[in-house]
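Only one structure is covered here, and it is reproduced in the block below.
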Amino acid sequence: MSTQSNADLVVIGSGIHGCSAALHAAMRGLSVIVIEKDTAGRHASGVNAGGVRRLGRLLPEVPISDRSMKIWDKINDLVDDDCGFQKAPQIKVAETEDEMEAHRERVRVLNDMGFHHETILSQADLRDYLPAVSDHCVGGLASLEDGFALPYQTTFAFQRKAIGLGVRFYENTRAQKVQRDGKNWRVVTDHGTFSGTYLLNCAGAWAGNVAQQIGEYAPVEAIAPMMIVTARMPRFCNAVVGATGRPLSFKQMENGTVVIGGGLRGIAKPETNGSQMLFGKLKQTANTAISIFPIMKTATIVRSWSGIEGRMPDDMPVIGRSSTEENVFHAFGFSAHGFQMGPGVGELMAELIATGETNAPIESFHISRFTTKH
C-alpha cells in the first residue's frame, strides 16, 4: 500500500516521547502524522522498568523532570488513563559513608538550584522505609513523592488520546529518506511519502541516521538494558530502590512479583531489531539485589527481557532545534532514563514547535554539543 499525506508536523518514532509530542501538538491545534517502523512502544518505551523518578537526575535534567512530574501527578486528566502510575518513594541506598557524603553534597547543590524534592535518609530512616534492607546499608537519598508506572500502558494511552484528537499513526512504516521540499519536509518511507511544515526526530536508537541526513552528527549508541521479574513473594518492599555505588533498579509490584533492572546491558542489534541477553550480567544484577535485600536469596526468576534504547556519549538526551535546518527538531537519546520525562518533553517540544519558543531550560541538550566536536 502506498500513501501520500500532509500535516503541519511529521513525527518519526512513536515511543513515549513521540506520542507525547504528537498529543501535545494536537492539543495546540496542529495536524500531526506519526511514522513508526514497528509499533508504538516496541523498543525503549515498552521494555523499561517504568520508574517515574526525579531522584538522581543529571543536573540539567532536573527542571524538565520536575515539569514532567507535575503532568504525571494529573496523568489521568491528560490521557484518560491512570497509566498504572503509583506514588512510591524512590530511594538510592548508600553502602558507605563516602556515598552518604556524596548524597549530602547533592542535596546542597539541588537546594541551591531551588529544588527540594531529594532528602537524606539516616540509617534509621532507611530501615523505616525498607525494613528488609541489609544491615550493612548506612542510609540513603530519597525522593518521596516519585513513583512508577506501566510503560506499555502509558505509551498506548498517549497514542490513544492522540488518535482521538486526530493524530494519524502509520505503524510498520519505515522512514527511509528525509529531504526538504520547498518550505516543507518530505519523509519517504517504504509505504509512501509524508510531508509537513515541521519535522520531529524521536527515532530513539535510530535517530542518528535521521540527523545525518540533515547534516548533523549525533553519535547514538544502541544499547540493550536487561530486566528480570521474579515469582510472587511476600510483601517486603514499598519503594523503588537503587544502589548508589553499583547498578540496581528494584521494586515489588502489587501482586508480589519483583522487577529488577539496573543498567547492565545485553547486546543490541538495531540492524535486525533484536537484542541478546547476557546471563552472566543478569547474575550480577541478581547478586546485587541479594546483597541489598537478603530475602531475595529465596526468589525465583520467571522471566527476563531486554530492548533497544539509544544512548548518547554523555548520557544526556538531545532535545531542541536542529543546528542545520529550519523547522526540524530532535528529542532522542534518553540513555535508559527517559520514561519519566516523556510527558514533559512532549509538552515542551509541542510548545517549541507551535510557538517558536519554550521557557524550559534545554540549552544543555542541543545537538550542536556533538557537532562542534566532530
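Each chain in the C-alpha cells gets a letter, A, B, ..., in the order shown, and its residues are numbered from 1; ligands are numbered from 1 in order too.
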Item checked: Spatial neighbours of Ala40 (chain A), 12 Å, only C-alpha atoms, chain gap at least 5 places, as a VMD selection string -> chain A and resid 12 to 20 34 to 35 45 to 47 151 to 160 169 to 173 202 to 203
Checklist line | Exercise: Met316 (chain A) partners within 10 Å, only C-alpha atoms, chain neighbours under 5 positions left out, as number ranges by chain | finding: A: 58, 60-61, 311, 332-338, 364-366
Notebook entry, point to check: Within 9 Å of Met296 (chain A), counting only C-alpha atoms, which residues qualify if same-chain residues fewer than 6 places away don't, as a VMD selection string?
Noted result: chain A and resid 286 to 287 289 to 290
Export, as a PDB file, in the first residue's frame, the selected residues with C-alpha atoms.
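And here is the file that came out, result-v6.pdb:
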ATOM      1  CA  ALA A 286      20.618 -10.681  40.875  1.00  0.00           C
ATOM      2  CA  ASN A 287      23.588 -10.802  43.255  1.00  0.00           C
ATOM      3  CA  ALA A 289      19.685  -7.390  44.659  1.00  0.00           C
ATOM      4  CA  ILE A 290      20.517 -10.155  47.167  1.00  0.00           C
TER       5      ILE A 290
END
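Among the candidate residues A:Leu59, A:Ile295, A:Met312, A:Val345, the one lying nearest to Ala132 (chain A) is A:Ile295, with distances computed using only C-alpha atoms.
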Next item on the list: Would you work out the distance separating CA of Arg369 (chain A) from CA of Phe329 (chain A), expressed in Å to one decimal?
Entry: 14.9 Å
Next item on the list: Tell me, as a list in words, which residues lie within 8 Å of Val10 (chain A), counting only C-alpha atoms; anything in the same chain fewer than 5 positions away does not count.
Entry: Val32, Ile33, Val34, Ile35, Phe194, Ser195, Gly196, Thr197, Tyr198, Leu199 and Leu200 of chain A
Give me a file of those residues, with N, CA and C atoms, as a short mmCIF file (atom, residue, chain, number, x, y, z; two decimals), in the first residue's frame.
data_model
loop_
_atom_site.label_atom_id
_atom_site.label_comp_id
_atom_site.auth_asym_id
_atom_site.auth_seq_id
_atom_site.Cartn_x
_atom_site.Cartn_y
_atom_site.Cartn_z
N VAL A 32 -1.09 16.36 12.83
CA VAL A 32 0.12 15.59 13.12
C VAL A 32 0.05 14.21 12.48
N ILE A 33 1.16 13.80 11.90
CA ILE A 33 1.37 12.43 11.42
C ILE A 33 2.54 11.84 12.20
N VAL A 34 2.39 10.60 12.65
CA VAL A 34 3.49 9.88 13.32
C VAL A 34 3.84 8.66 12.48
N ILE A 35 5.11 8.56 12.13
CA ILE A 35 5.61 7.43 11.35
C ILE A 35 6.42 6.53 12.28
N PHE A 194 5.35 11.22 3.10
CA PHE A 194 4.63 12.09 4.01
C PHE A 194 5.35 13.43 4.06
N SER A 195 4.59 14.51 4.19
CA SER A 195 5.25 15.81 4.26
C SER A 195 4.59 16.69 5.31
N GLY A 196 5.40 17.60 5.85
CA GLY A 196 4.90 18.51 6.88
C GLY A 196 5.74 19.76 6.94
N THR A 197 5.17 20.80 7.53
CA THR A 197 5.92 22.03 7.73
C THR A 197 7.06 21.81 8.72
N TYR A 198 6.78 21.00 9.75
CA TYR A 198 7.74 20.72 10.81
C TYR A 198 8.06 19.23 10.85
N LEU A 199 9.28 18.92 11.25
CA LEU A 199 9.71 17.53 11.39
C LEU A 199 10.31 17.35 12.78
N LEU A 200 9.89 16.30 13.48
CA LEU A 200 10.41 15.99 14.81
C LEU A 200 11.01 14.59 14.80
#
Near Gly242 (chain A), counting only C-alpha atoms, which residues have an atom at most 8 Å away, once you skip same-chain residues fewer than 2 positions from it, shown as a tab-separated table (two decimals) with C-alpha atoms, in the first residue's frame?
chain	number	residue	atom	x	y	z
A	90	GLN	CA	12.38	6.40	45.18
A	91	ILE	CA	15.37	5.54	47.37
A	92	LYS	CA	19.04	5.26	46.47
A	93	VAL	CA	20.69	3.10	49.16
A	240	VAL	CA	11.56	1.87	44.17
A	244	THR	CA	24.46	4.32	44.98
A	247	PRO	CA	23.78	-0.62	39.14
A	248	LEU	CA	20.35	-1.58	40.52
A	249	SER	CA	16.71	-0.75	39.88
A	250	PHE	CA	14.38	-2.68	42.16
A	262	GLY	CA	19.85	-1.55	36.79
Next item on the list: Quick one: pull the distance between CA of Asn327 (chain A) and CA of Leu78 (chain A), Å, one decimal.
Entry: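 Taking CA of Asn327 (chain A) as the start and CA of Leu78 (chain A) as the end point, the length is 26.6 Å.
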Note to self: For a quick check of understanding, using only C-alpha atoms, which of A:Ala354, A:Pro361, A:Pro343, A:Leu23 has the smallest distance to Lys74 (chain A)?
What the structure shows: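 Closest to Lys74 (chain A) of all the choices is A:Pro343.
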Next item on the list: Going by DSSP on the backbone, which bits of region 156-350 of chain A are strand (DSSP E or B)? Write them as a PyMOL selection string, please.
Entry: chain A and resi 168-170+175-181+184-189+192-201+221-223+225-230+240-243+249-252+258-261+265+267-269+274-276+301-306+309-311+318-321+328-332
Quick one: write out the picked residues with C-alpha atoms as a short mmCIF file (atom, residue, chain, number, x, y, z; two decimals), in the first residue's frame?
data_model
loop_
_atom_site.label_atom_id
_atom_site.label_comp_id
_atom_site.auth_asym_id
_atom_site.auth_seq_id
_atom_site.Cartn_x
_atom_site.Cartn_y
_atom_site.Cartn_z
CA ARG A 168 -2.64 9.85 12.26
CA PHE A 169 -0.28 7.00 13.11
CA TYR A 170 1.38 4.96 10.37
CA ALA A 175 11.32 6.24 7.29
CA GLN A 176 13.97 5.85 4.60
CA LYS A 177 14.81 9.37 3.43
CA VAL A 178 14.30 12.85 4.83
CA GLN A 179 14.50 15.75 2.39
CA ARG A 180 13.50 19.38 2.13
CA ASP A 181 10.61 20.10 -0.28
CA ASN A 184 8.17 21.68 3.83
CA TRP A 185 9.85 18.44 4.86
CA ARG A 186 9.25 15.23 2.98
CA VAL A 187 9.75 11.82 4.58
CA VAL A 188 9.98 8.96 2.11
CA THR A 189 9.03 5.59 3.63
CA GLY A 192 4.63 6.12 0.72
CA THR A 193 5.65 9.72 1.22
CA PHE A 194 4.63 12.09 4.01
CA SER A 195 5.25 15.81 4.26
CA GLY A 196 4.90 18.51 6.88
CA THR A 197 5.92 22.03 7.73
CA TYR A 198 7.74 20.72 10.81
CA LEU A 199 9.71 17.53 11.39
CA LEU A 200 10.41 15.99 14.81
CA ASN A 201 13.03 13.25 15.15
CA GLU A 221 24.82 4.11 20.55
CA ALA A 222 22.25 1.32 20.55
CA ILE A 223 22.15 -0.32 23.98
CA PRO A 225 19.13 -2.72 29.08
CA MET A 226 18.11 -6.03 30.69
CA MET A 227 15.29 -6.73 33.15
CA ILE A 228 14.31 -9.62 35.47
CA VAL A 229 10.98 -10.42 37.05
CA THR A 230 10.54 -12.96 39.86
CA VAL A 240 11.56 1.87 44.17
CA VAL A 241 15.14 1.16 45.16
CA GLY A 242 18.52 1.79 43.59
CA ALA A 243 22.06 1.39 44.89
CA SER A 249 16.71 -0.75 39.88
CA PHE A 250 14.38 -2.68 42.16
CA LYS A 251 10.68 -2.67 43.02
CA GLN A 252 8.00 -5.05 44.22
CA VAL A 258 9.81 -8.20 41.97
CA VAL A 259 11.09 -6.34 38.91
CA ILE A 260 14.87 -5.85 38.78
CA GLY A 261 16.97 -3.89 36.34
CA ARG A 265 23.18 -4.45 29.27
CA ILE A 267 23.82 -6.85 23.12
CA ALA A 268 21.71 -4.52 20.98
CA LYS A 269 21.22 -5.47 17.34
CA GLY A 274 16.62 -7.51 18.22
CA SER A 275 18.75 -7.83 21.32
CA GLN A 276 20.65 -10.63 23.04
CA ILE A 301 13.31 -15.73 38.39
CA VAL A 302 10.46 -16.39 35.96
CA ARG A 303 11.27 -14.10 33.06
CA SER A 304 13.92 -11.77 31.70
CA TRP A 305 13.96 -9.44 28.73
CA SER A 306 15.79 -6.60 27.04
CA GLU A 309 17.47 2.09 23.56
CA GLY A 310 19.53 4.99 22.23
CA ARG A 311 22.40 6.25 24.40
CA VAL A 318 19.26 15.52 22.52
CA ILE A 319 16.33 17.94 22.87
CA GLY A 320 15.63 21.03 20.80
CA ARG A 321 16.03 22.54 17.35
CA VAL A 328 13.47 20.40 12.27
CA PHE A 329 13.53 19.33 15.91
CA HIS A 330 15.01 16.48 17.94
CA ALA A 331 14.04 14.54 21.06
CA PHE A 332 16.06 11.33 21.33
#
Please identify every residue of region 84-160 of chain A that has at least one atom no farther than 9 Å from an atom of region 68-73 of chain A, counting only C-alpha atoms, and for each give the shortest atom pair and the distance in Å to one decimal, arranged by chain then increasing number, as a tab-separated table.
residue	atom	partner	partner_atom	distance
A:Phe85	CA	A:Trp72	CA	7.8
A:Lys87	CA	A:Asp73	CA	8.8
A:Asp146	CA	A:Met69	CA	7.9
Spatial neighbours of Thr355 (chain A), 10 Å, only C-alpha atoms, chain gap at least 5 places, as a compact mmCIF listing (two decimals) with N, CA, C and O atoms, in the first residue's frame:
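The resulting result_10.txt:
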# COMPACT_ATOMS: atom_id res chain seq x y z
N ARG A 28 -2.52 21.74 20.71
CA ARG A 28 -2.27 23.13 20.32
C ARG A 28 -2.82 23.44 18.93
O ARG A 28 -2.59 24.52 18.39
N MET A 349 8.29 20.22 23.62
CA MET A 349 8.55 20.18 22.18
C MET A 349 7.37 20.75 21.40
O MET A 349 7.56 21.49 20.42
N ALA A 350 6.16 20.42 21.82
CA ALA A 350 4.98 20.98 21.15
C ALA A 350 4.94 22.49 21.30
O ALA A 350 4.61 23.23 20.35
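Residues in contact range of Thr371 (chain A), defined as at most 7 Å between only C-alpha atoms, with sequence neighbours fewer than 4 positions away removed, read Glu216, Tyr217 and Ile367 of chain A.
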